[in-house]
Structures are given as structure tokens and as C-alpha cells.
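Listing of my_file.cif; format and content: mmCIF, C-alpha atoms.
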data_structure
loop_
_atom_site.group_PDB
_atom_site.id
_atom_site.type_symbol
_atom_site.label_atom_id
_atom_site.label_comp_id
_atom_site.auth_asym_id
_atom_site.auth_seq_id
_atom_site.Cartn_x
_atom_site.Cartn_y
_atom_site.Cartn_z
ATOM 1 C CA MET A 1 0.000 0.000 0.000
ATOM 2 C CA LEU A 2 2.761 2.463 0.929
ATOM 3 C CA LYS A 3 4.431 1.803 -2.419
ATOM 4 C CA SER A 4 1.236 2.496 -4.381
ATOM 5 C CA ILE A 5 0.461 5.673 -2.410
ATOM 6 C CA THR A 6 4.056 6.848 -2.852
ATOM 7 C CA ALA A 7 3.787 6.275 -6.595
ATOM 8 C CA PHE A 8 0.502 8.214 -6.603
ATOM 9 C CA VAL A 9 2.134 11.179 -4.818
ATOM 10 C CA ASP A 10 5.138 11.100 -7.152
ATOM 11 C CA SER A 11 2.892 11.046 -10.215
ATOM 12 C CA LEU A 12 0.921 14.065 -9.001
ATOM 13 C CA GLN A 13 4.100 16.054 -8.428
ATOM 14 C CA ALA A 14 5.383 15.074 -11.861
ATOM 15 C CA GLN A 15 2.181 16.589 -13.295
ATOM 16 C CA GLY A 16 2.770 19.831 -11.372
ATOM 17 C CA ARG A 17 0.021 19.138 -8.862
ATOM 18 C CA TYR A 18 0.798 19.478 -5.164
ATOM 19 C CA THR A 19 -2.460 18.740 -3.320
ATOM 20 C CA PHE A 20 -4.808 15.792 -3.001
ATOM 21 C CA THR A 21 -7.568 14.570 -0.722
ATOM 22 C CA GLN A 22 -7.858 11.373 1.280
ATOM 23 C CA SER A 23 -10.789 10.359 -0.937
ATOM 24 C CA GLU A 24 -8.512 10.531 -3.991
ATOM 25 C CA ALA A 25 -5.895 8.435 -2.208
ATOM 26 C CA MET A 26 -8.580 5.856 -1.389
ATOM 27 C CA ASN A 27 -9.169 5.372 -5.119
ATOM 28 C CA VAL A 28 -5.537 4.407 -5.687
ATOM 29 C CA ASP A 29 -5.950 1.026 -4.065
ATOM 30 C CA LYS A 30 -9.030 -0.936 -3.134
ATOM 31 C CA GLN A 31 -7.674 -1.806 0.307
ATOM 32 C CA SER A 32 -9.293 -0.577 3.481
ATOM 33 C CA GLY A 33 -9.410 3.028 4.633
ATOM 34 C CA LEU A 34 -7.281 2.002 7.608
ATOM 35 C CA ALA A 35 -4.523 0.818 5.281
ATOM 36 C CA VAL A 36 -4.656 4.060 3.264
ATOM 37 C CA GLY A 37 -4.600 6.122 6.457
ATOM 38 C CA ALA A 38 -1.566 4.190 7.720
ATOM 39 C CA ALA A 39 0.275 4.743 4.426
ATOM 40 C CA LEU A 40 -0.471 8.455 4.499
ATOM 41 C CA ARG A 41 0.726 8.723 8.101
ATOM 42 C CA ARG A 42 4.018 7.083 7.153
ATOM 43 C CA LEU A 43 4.514 9.519 4.285
ATOM 44 C CA LYS A 44 3.714 12.384 6.647
ATOM 45 C CA GLN A 45 6.257 11.115 9.189
ATOM 46 C CA LYS A 46 8.858 11.006 6.420
ATOM 47 C CA GLY A 47 8.079 14.628 5.529
ATOM 48 C CA ARG A 48 6.890 13.719 2.023
ATOM 49 C CA ILE A 49 3.436 15.164 2.615
ATOM 50 C CA ALA A 50 1.853 17.612 5.054
ATOM 51 C CA SER A 51 -1.753 17.901 6.206
ATOM 52 C CA PRO A 52 -2.920 21.431 7.093
ATOM 53 C CA ARG A 53 -6.468 20.103 7.409
ATOM 54 C CA ARG A 54 -7.713 16.605 8.096
ATOM 55 C CA GLY A 55 -8.376 14.776 4.841
ATOM 56 C CA PHE A 56 -6.412 17.316 2.763
ATOM 57 C CA TYR A 57 -2.758 16.776 1.884
ATOM 58 C CA VAL A 58 0.056 18.895 0.465
ATOM 59 C CA ILE A 59 2.983 17.304 -1.334
ATOM 60 C CA VAL A 60 6.322 18.573 -0.019
ATOM 61 C CA PRO A 61 9.172 18.694 -2.565
ATOM 62 C CA LEU A 62 12.703 18.153 -1.282
ATOM 63 C CA GLU A 63 13.560 21.855 -1.384
ATOM 64 C CA TYR A 64 10.733 22.574 1.098
ATOM 65 C CA SER A 65 11.430 19.672 3.436
ATOM 66 C CA GLU A 66 13.045 21.922 6.050
ATOM 67 C CA ALA A 67 9.941 24.132 6.199
ATOM 68 C CA GLY A 68 7.770 21.028 6.403
ATOM 69 C CA CYS A 69 5.205 22.355 3.931
ATOM 70 C CA LEU A 70 4.812 24.415 0.785
ATOM 71 C CA PRO A 71 4.046 28.150 1.158
ATOM 72 C CA ALA A 72 0.351 28.740 1.839
ATOM 73 C CA ASP A 73 -0.218 30.530 -1.447
ATOM 74 C CA TRP A 74 0.595 27.289 -3.299
ATOM 75 C CA PHE A 75 -2.391 25.452 -1.843
ATOM 76 C CA ILE A 76 -4.847 27.892 -0.213
ATOM 77 C CA HIS A 77 -7.267 27.840 -3.168
ATOM 78 C CA ASP A 78 -7.369 24.038 -3.245
ATOM 79 C CA MET A 79 -7.792 23.833 0.521
ATOM 80 C CA MET A 80 -10.698 26.283 0.603
ATOM 81 C CA ARG A 81 -12.352 24.407 -2.258
ATOM 82 C CA PHE A 82 -11.892 21.206 -0.229
ATOM 83 C CA LEU A 83 -13.571 22.909 2.758
ATOM 84 C CA GLY A 84 -16.372 24.203 0.540
ATOM 85 C CA GLN A 85 -15.985 27.780 1.785
ATOM 86 C CA PRO A 86 -15.693 31.079 -0.086
ATOM 87 C CA TYR A 87 -12.540 32.977 0.770
ATOM 88 C CA TYR A 88 -10.027 35.622 -0.078
ATOM 89 C CA VAL A 89 -6.510 36.320 1.153
ATOM 90 C CA GLY A 90 -6.745 39.510 3.175
ATOM 91 C CA ILE A 91 -5.506 41.885 5.875
ATOM 92 C CA LEU A 92 -1.696 41.958 6.244
ATOM 93 C CA SER A 93 -1.170 39.105 3.775
ATOM 94 C CA ALA A 94 -3.080 40.992 1.069
ATOM 95 C CA ALA A 95 -1.306 44.227 1.964
ATOM 96 C CA ALA A 96 2.066 42.508 1.532
ATOM 97 C CA ILE A 97 0.997 41.093 -1.840
ATOM 98 C CA HIS A 98 0.083 44.634 -2.927
ATOM 99 C CA GLY A 99 3.511 45.894 -1.887
ATOM 100 C CA ALA A 100 2.697 47.278 1.565
ATOM 101 C CA ALA A 101 4.995 44.955 3.502
ATOM 102 C CA HIS A 102 5.694 47.295 6.425
ATOM 103 C CA GLN A 103 5.857 44.177 8.571
ATOM 104 C CA GLN A 104 5.857 40.750 6.964
ATOM 105 C CA PRO A 105 2.968 38.777 8.502
ATOM 106 C CA MET A 106 3.914 35.661 10.439
ATOM 107 C CA ILE A 107 0.511 34.107 9.731
ATOM 108 C CA PHE A 108 -1.090 33.809 6.302
ATOM 109 C CA GLN A 109 -4.411 35.609 6.752
ATOM 110 C CA VAL A 110 -7.617 34.493 5.048
ATOM 111 C CA VAL A 111 -11.156 35.882 5.279
ATOM 112 C CA THR A 112 -14.033 33.406 4.966
ATOM 113 C CA ASP A 113 -17.741 33.215 5.777
ATOM 114 C CA LYS A 114 -17.793 31.278 9.059
ATOM 115 C CA PRO A 115 -15.589 30.576 12.079
ATOM 116 C CA THR A 116 -12.766 28.303 10.970
ATOM 117 C CA ARG A 117 -9.975 27.011 13.150
ATOM 118 C CA SER A 118 -6.405 27.843 12.208
ATOM 119 C CA ALA A 119 -4.511 25.506 9.900
ATOM 120 C CA MET A 120 -0.935 24.430 10.629
ATOM 121 C CA ALA A 121 1.579 22.345 8.709
ATOM 122 C CA GLY A 122 5.314 22.507 9.276
ATOM 123 C CA ARG A 123 6.208 26.161 9.693
ATOM 124 C CA ILE A 124 3.128 27.324 7.828
ATOM 125 C CA ARG A 125 0.332 28.966 9.817
ATOM 126 C CA ILE A 126 -2.986 30.070 8.303
ATOM 127 C CA GLY A 127 -5.379 32.225 10.320
ATOM 128 C CA PHE A 128 -9.040 32.645 9.371
ATOM 129 C CA HIS A 129 -11.290 35.649 10.000
ATOM 130 C CA VAL A 130 -15.024 35.912 9.441
ATOM 131 C CA GLY A 131 -16.322 38.512 7.002
ATOM 132 C CA ARG A 132 -19.943 39.414 6.354
ATOM 133 C CA HIS A 133 -19.654 39.880 2.603
ATOM 134 C CA VAL A 134 -16.968 37.443 1.482
ATOM 135 C CA GLY A 135 -18.839 36.634 -1.702
ATOM 136 C CA LYS A 136 -19.335 40.318 -2.556
ATOM 137 C CA ALA A 137 -15.908 41.611 -1.581
ATOM 138 C CA PRO A 138 -13.951 42.789 -4.625
ATOM 139 C CA VAL A 139 -10.960 40.552 -5.260
ATOM 140 C CA VAL A 140 -8.252 40.053 -7.835
ATOM 141 C CA GLU A 141 -6.982 36.678 -9.022
ATOM 142 C CA ILE A 142 -3.261 36.511 -8.287
ATOM 143 C CA GLN A 143 -1.176 33.922 -10.112
ATOM 144 C CA THR A 144 0.693 31.453 -7.899
ATOM 145 C CA GLU A 145 3.173 28.654 -8.532
ATOM 146 C CA THR A 146 0.306 26.181 -8.833
ATOM 147 C CA GLY A 147 -2.565 28.248 -10.244
ATOM 148 C CA SER A 148 -4.189 31.279 -8.671
ATOM 149 C CA MET A 149 -5.705 32.591 -5.451
ATOM 150 C CA ARG A 150 -8.283 35.226 -4.563
ATOM 151 C CA VAL A 151 -6.843 38.355 -2.928
ATOM 152 C CA SER A 152 -8.759 41.418 -1.750
ATOM 153 C CA ILE A 153 -8.119 44.481 -3.910
ATOM 154 C CA PRO A 154 -6.126 47.317 -2.256
ATOM 155 C CA GLU A 155 -9.277 49.276 -1.414
ATOM 156 C CA ALA A 156 -10.958 46.319 0.307
ATOM 157 C CA THR A 157 -7.670 45.560 2.055
ATOM 158 C CA ALA A 158 -7.659 49.086 3.492
ATOM 159 C CA PHE A 159 -11.082 48.525 5.056
ATOM 160 C CA ASP A 160 -10.071 45.097 6.357
ATOM 161 C CA LEU A 161 -6.970 46.498 8.047
ATOM 162 C CA VAL A 162 -9.280 48.666 10.135
ATOM 163 C CA ARG A 163 -12.022 46.081 10.545
ATOM 164 C CA PHE A 164 -9.575 43.376 11.671
ATOM 165 C CA ALA A 165 -7.152 45.710 13.426
ATOM 166 C CA PRO A 166 -6.212 43.197 16.181
ATOM 167 C CA ALA A 167 -5.071 40.773 13.460
ATOM 168 C CA ALA A 168 -2.947 43.556 12.002
ATOM 169 C CA GLY A 169 -1.063 43.980 15.264
ATOM 170 C CA HIS A 170 -2.318 47.327 16.526
ATOM 171 C CA MET A 171 -3.614 50.634 15.157
ATOM 172 C CA GLY A 172 -0.088 52.006 14.945
ATOM 173 C CA ASN A 173 0.846 49.193 12.596
ATOM 174 C CA VAL A 174 -2.395 49.602 10.636
ATOM 175 C CA VAL A 175 -1.700 53.254 9.952
ATOM 176 C CA ASN A 176 1.861 52.544 8.824
ATOM 177 C CA VAL A 177 0.723 49.793 6.457
ATOM 178 C CA LEU A 178 -1.958 52.157 5.121
ATOM 179 C CA SER A 179 0.692 54.793 4.427
ATOM 180 C CA GLU A 180 2.271 52.346 1.946
ATOM 181 C CA LEU A 181 -0.941 50.780 0.661
ATOM 182 C CA VAL A 182 -2.496 54.095 -0.456
ATOM 183 C CA GLU A 183 -0.070 54.154 -3.371
ATOM 184 C CA LYS A 184 -2.202 51.357 -4.883
ATOM 185 C CA VAL A 185 -5.624 52.717 -3.816
ATOM 186 C CA ASP A 186 -8.102 54.477 -6.108
ATOM 187 C CA PRO A 187 -10.175 56.926 -3.981
ATOM 188 C CA GLN A 188 -13.271 56.464 -6.142
ATOM 189 C CA VAL A 189 -13.111 52.690 -5.851
ATOM 190 C CA LEU A 190 -12.573 53.094 -2.103
ATOM 191 C CA VAL A 191 -15.814 55.030 -1.630
ATOM 192 C CA SER A 192 -17.712 52.828 -4.098
ATOM 193 C CA ILE A 193 -17.288 49.787 -1.833
ATOM 194 C CA ALA A 194 -17.993 51.609 1.450
ATOM 195 C CA ASP A 195 -21.539 50.201 1.556
ATOM 196 C CA LEU A 196 -20.080 46.734 2.132
ATOM 197 C CA TYR A 197 -18.712 47.801 5.508
ATOM 198 C CA ALA A 198 -20.036 49.132 8.789
ATOM 199 C CA VAL A 199 -20.279 52.905 9.154
ATOM 200 C CA SER A 200 -17.815 52.662 12.038
ATOM 201 C CA ASP A 201 -15.252 51.079 9.668
ATOM 202 C CA VAL A 202 -15.613 54.064 7.345
ATOM 203 C CA GLN A 203 -15.166 56.453 10.270
ATOM 204 C CA ARG A 204 -11.999 54.766 11.516
ATOM 205 C CA LEU A 205 -10.494 54.412 8.042
ATOM 206 C CA GLY A 206 -11.203 58.060 7.239
ATOM 207 C CA TYR A 207 -9.692 59.144 10.545
ATOM 208 C CA LEU A 208 -6.500 57.175 9.895
ATOM 209 C CA LEU A 209 -6.239 58.439 6.335
ATOM 210 C CA ASP A 210 -6.344 61.976 7.721
ATOM 211 C CA ARG A 211 -3.604 61.058 10.170
ATOM 212 C CA ILE A 212 -1.285 60.069 7.317
ATOM 213 C CA GLU A 213 -2.353 63.194 5.393
ATOM 214 C CA ALA A 214 -3.943 61.170 2.621
ATOM 215 C CA ARG A 215 -6.658 63.768 2.084
ATOM 216 C CA ARG A 216 -7.386 62.710 -1.494
ATOM 217 C CA PHE A 217 -8.579 59.358 -0.129
ATOM 218 C CA ALA A 218 -10.280 60.694 2.988
ATOM 219 C CA GLU A 219 -12.457 63.331 1.278
ATOM 220 C CA PRO A 220 -14.760 60.917 -0.620
ATOM 221 C CA LEU A 221 -15.336 58.962 2.609
ATOM 222 C CA ALA A 222 -16.181 62.176 4.487
ATOM 223 C CA ALA A 223 -18.720 63.039 1.787
ATOM 224 C CA TRP A 224 -20.169 59.502 2.040
ATOM 225 C CA LEU A 225 -20.632 59.917 5.791
ATOM 226 C CA LYS A 226 -22.477 63.240 5.445
ATOM 227 C CA GLY A 227 -25.510 61.416 4.110
ATOM 228 C CA ARG A 228 -25.650 59.065 7.084
ATOM 229 C CA ARG A 229 -26.191 59.187 10.794
ATOM 230 C CA PHE A 230 -23.087 58.249 12.725
ATOM 231 C CA ARG A 231 -22.251 58.460 16.392
ATOM 232 C CA PRO A 232 -18.979 58.942 18.275
ATOM 233 C CA ILE A 233 -16.946 55.738 18.393
ATOM 234 C CA LEU A 234 -13.700 54.632 19.996
ATOM 235 C CA LEU A 235 -10.695 54.289 17.726
ATOM 236 C CA VAL A 236 -9.877 50.997 19.474
ATOM 237 C CA PRO A 237 -13.134 49.386 20.714
ATOM 238 C CA SER A 238 -11.352 46.917 22.987
ATOM 239 C CA GLN A 239 -9.611 49.622 24.995
ATOM 240 C CA ALA A 240 -10.904 51.947 27.687
ATOM 241 C CA LYS A 241 -12.562 55.225 26.814
ATOM 242 C CA THR A 242 -10.525 58.387 27.167
ATOM 243 C CA ASP A 243 -11.518 61.896 28.264
ATOM 244 C CA LEU A 244 -10.364 63.250 24.920
ATOM 245 C CA PRO A 245 -13.164 64.586 22.705
ATOM 246 C CA SER A 246 -14.086 62.864 19.472
ATOM 247 C CA ASP A 247 -12.586 64.082 16.218
ATOM 248 C CA PRO A 248 -15.073 66.638 14.797
ATOM 249 C CA ARG A 249 -14.801 65.342 11.237
ATOM 250 C CA TRP A 250 -15.025 61.580 11.843
ATOM 251 C CA ARG A 251 -16.430 61.476 15.383
ATOM 252 C CA VAL A 252 -13.656 59.076 16.371
ATOM 253 C CA ILE A 253 -12.432 59.188 19.975
ATOM 254 C CA PRO A 254 -8.622 58.721 19.903
ATOM 255 C CA ASN A 255 -8.251 56.323 22.829
ATOM 256 C CA GLU A 256 -4.882 55.041 21.559
ATOM 257 C CA SER A 257 -1.824 57.132 20.726
ATOM 258 C CA ILE A 258 -0.612 56.570 17.184
ATOM 259 C CA GLU A 259 2.870 57.299 15.893
ATOM 260 C CA VAL A 260 2.929 57.598 12.130
ATOM 261 C CA GLU A 261 6.157 56.498 10.448
ATOM 262 C CA ILE A 262 6.130 58.220 7.081
#
So that I can check it, write out the structure of this file as C-alpha cells.
Amino acid sequence: MLKSITAFVDSLQAQGRYTFTQSEAMNVDKQSGLAVGAALRRLKQKGRIASPRRGFYVIVPLEYSEAGCLPADWFIHDMMRFLGQPYYVGILSAAAIHGAAHQQPMIFQVVTDKPTRSAMAGRIRIGFHVGRHVGKAPVVEIQTETGSMRVSIPEATAFDLVRFAPAAGHMGNVVNVLSELVEKVDPQVLVSIADLYAVSDVQRLGYLLDRIEARRFAEPLAAWLKGRRFRPILLVPSQAKTDLPSDPRWRVIPNESIEVEI
């Protein structure tokens, strides 16, 4: 059995394919599921394959044996298809892909439609975050070594940096990533997708854009807010309120000090 499964894995790699499911492996040989599972475990122990999710396997070429797994962008599309969940690569991972790599993310960040536990294989870590409009979020197909993956466009990434600020480290890091990301942002596209997000996300993003003096991007959001009711909000919801008044333009209460590195 091990020999037949090994030959199956080798043949997939020879075809340029680096992922497979346990169901596919079961079709290789008509022996029991226990025998297939044992063969797969032996290959995993040898470092020939990795399993970031039960029932889903990644083939590990020799040059990636030290890392214990391929980079996440090689298999994220296949894994999310295996899970049957919509997704896009977002937050700091998307920002880095768009050239705003102020701080290289340690975890590959993915937005999907329901709570999903983290995936781990070798040194690779994938963190999942729940978004309300995953299917509607504007994305771009980015080519990878094995195909393509869905990545939030720069404008959607800007909103996600604010919406998932804890995943981005802290507001100070968010604002510094934004200062690089705005080079790829179209202000009209930014305001055109504002309806996909909470009003509070628009307030916080506008406030931070003002802080980095990106007025060309902040102005359309300020005009968008004028037609809506919005209340004072904390810049960082998880932190204590401060005695400082809210910003008159965005009605954001600056309860965290931000140092902008421009």
C-alpha cells in the first residue's frame, strides 16, 4: 500500500500538482481506509506530505522539506475548495501582496464566511477571520506557482486592516501599512465599496487616512458619511474610553496614541 500511495504522490508532483484529498488516495488502491490512512501517516512522518487540514494533503518537494510544507499561497485555493468555503486572502497578507509589507505577517491571513480554526503544517500557519460579505468583496486573481488565489483588492484591504485591526497587530501598525498601501488605492473605488462595511469602519479608516495626510482618499469617505447618521466611536473598541473629545470630522475618539512612520 505504501508503495502504491508513494507512486501516486510522485505522479501528481510530476504533473505539477501538489495537493490531493484522502478520498482521492482511497481510489488508488481498493484496500481498506485504515490501510490508506496508515500509508499516508508514514509519508507524513517522512516529511513527504503535510496535512494542514484533516483529509487534505500537500505534497512537499525536497527543497521545502526543512519548512515542512509548501508556502500557503501554493495550496490555499485548493484547501478552501476542499472545505467548501468562499474565501479571499486579506488583511496583512493581502497588503504585503500589494507591496505594503511594512511588517511581513507571520501568519497567512484568510477571510471566509464562518468561524474556521487555524490551519498548521510545518512552519506554515494560516489564520481565518469571518467577514460578512466574502462573496461580494472585490478581489483580484493573483497567479501562484500552482494556479491562482483570490486576494482582496487594495481598497478592500484598506477597510479590512481597520475592521480586523487586532489581526494587524495594533492601530499604529495599521496606519503605517496604510501609508504604503495608499499608493495602490483608487479613492473612487474606495468610496464605491464603502456600503459593504459598517459605518464605524468608514469612520476609523477616514480618521487614519487623515492622520497620514492622505486627504485625497479621505475626502470621498467624508462626503459619504455626510448622508448618514453616525455616532462617536472609539478608535480601538477593545480599549478603555478616554476623556479626549471625538474628532469633529469623523467622530472618532482617539483612545490610543498613534505614531505615524512616514
I'd like the neighbourhood of Val177 in chain A as a ChimeraX atom specification, where a residue qualifies if any of its atoms comes within 9 Å (using all atoms listed in the file), though same-chain residues fewer than 4 positions away should be ignored.
/A:92,95-96,100-103,158,161,172-173,181-182
Given the PyMOL selection byres ((chain A and resi 219) around 12) and the file above, list the residues it selects as an MDAnalysis selection string.
chainID A and resid 187:188 190:191 202:203 205:207 209:210 213:218 220:226 249:250
Writing out the chosen residues with C-alpha atoms as a JSON list (two decimals), in the frame of the given file:
[["chain", "number", "residue", "atom", "x", "y", "z"],
["A", 187, "PRO", "CA", -10.18, 56.93, -3.98],
["A", 188, "GLN", "CA", -13.27, 56.46, -6.14],
["A", 190, "LEU", "CA", -12.57, 53.09, -2.10],
["A", 191, "VAL", "CA", -15.81, 55.03, -1.63],
["A", 202, "VAL", "CA", -15.61, 54.06, 7.34],
["A", 203, "GLN", "CA", -15.17, 56.45, 10.27],
["A", 205, "LEU", "CA", -10.49, 54.41, 8.04],
["A", 206, "GLY", "CA", -11.20, 58.06, 7.24],
["A", 207, "TYR", "CA", -9.69, 59.14, 10.54],
["A", 209, "LEU", "CA", -6.24, 58.44, 6.34],
["A", 210, "ASP", "CA", -6.34, 61.98, 7.72],
["A", 213, "GLU", "CA", -2.35, 63.19, 5.39],
["A", 214, "ALA", "CA", -3.94, 61.17, 2.62],
["A", 215, "ARG", "CA", -6.66, 63.77, 2.08],
["A", 216, "ARG", "CA", -7.39, 62.71, -1.49],
["A", 217, "PHE", "CA", -8.58, 59.36, -0.13],
["A", 218, "ALA", "CA", -10.28, 60.69, 2.99],
["A", 220, "PRO", "CA", -14.76, 60.92, -0.62],
["A", 221, "LEU", "CA", -15.34, 58.96, 2.61],
["A", 222, "ALA", "CA", -16.18, 62.18, 4.49],
["A", 223, "ALA", "CA", -18.72, 63.04, 1.79],
["A", 224, "TRP", "CA", -20.17, 59.50, 2.04],
["A", 225, "LEU", "CA", -20.63, 59.92, 5.79],
["A", 226, "LYS", "CA", -22.48, 63.24, 5.44],
["A", 249, "ARG", "CA", -14.80, 65.34, 11.24],
["A", 250, "TRP", "CA", -15.02, 61.58, 11.84]]
Using only C-alpha atoms, give me every residue within 12 Å of (4.3, 38.0, 11.3) in file coordinates, as a count of residues only.
21
Of the listed residues A:Ile142, A:Leu62, A:Cys69, A:Leu235, that which approaches Val174 in chain A most closely, counting all atoms listed in the file:
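Going through A:Ile142, A:Leu62, A:Cys69, A:Leu235 one by one, the smallest distance to Val174 in chain A is for A:Leu235.
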I need the output of the PyMOL selection byres ((chain A and resi 88) around 7) for this file as a ChimeraX atom specification; which residues are they?
/A:87,89-90,110-112,150-152
What is the distance between CA of Asp201 in chain A and CA of Asp73 in chain A, in Å to one decimal?
27.8 Å
What do you get, as a PyMOL selection string, if you spell out every residue that the PyMOL selection byres ((chain A and resi 50) around 8) selects here?
chain A and resi 44+47-49+51-52+57-60+68-69+121-122
Between A:Ile258, A:Val162, A:Leu43, A:Ile5, which is the closest to Met26 in chain A once you count all atoms listed in the file?
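Residue with the minimum atom-to-atom distance to Met26 in chain A: A:Ile5.
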Using all atoms of range 142-160 of chain A that appear in the file, construct an axis-aligned enclosing box with 6 Å of padding on every side and provide its centre coordinates and edge lengths in Å, rounded to one decimal, as JSON.
{"center_x": -4.0, "center_y": 37.7, "center_z": -1.9, "size_x": 26.3, "size_y": 35.1, "size_z": 28.6}
Using all atoms listed in the file for the distances, tell me which of A:Gly84, A:Leu34, A:Pro61, A:Arg42 is nearest to Asp10 in chain A.
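Comparing A:Gly84, A:Leu34, A:Pro61, A:Arg42 against Asp10 in chain A, the winner is A:Pro61.
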Can you pull out every residue within 9 Å of Pro115 in chain A, counting all atoms listed in the file, but drop anything in the same chain fewer than 5 positions away, and send it as an MDAnalysis selection string?
chainID A and resid 128:130
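Note that the spacing between CA of Arg251 in chain A and CA of Leu234 in chain A amounts to 8.7 Å.
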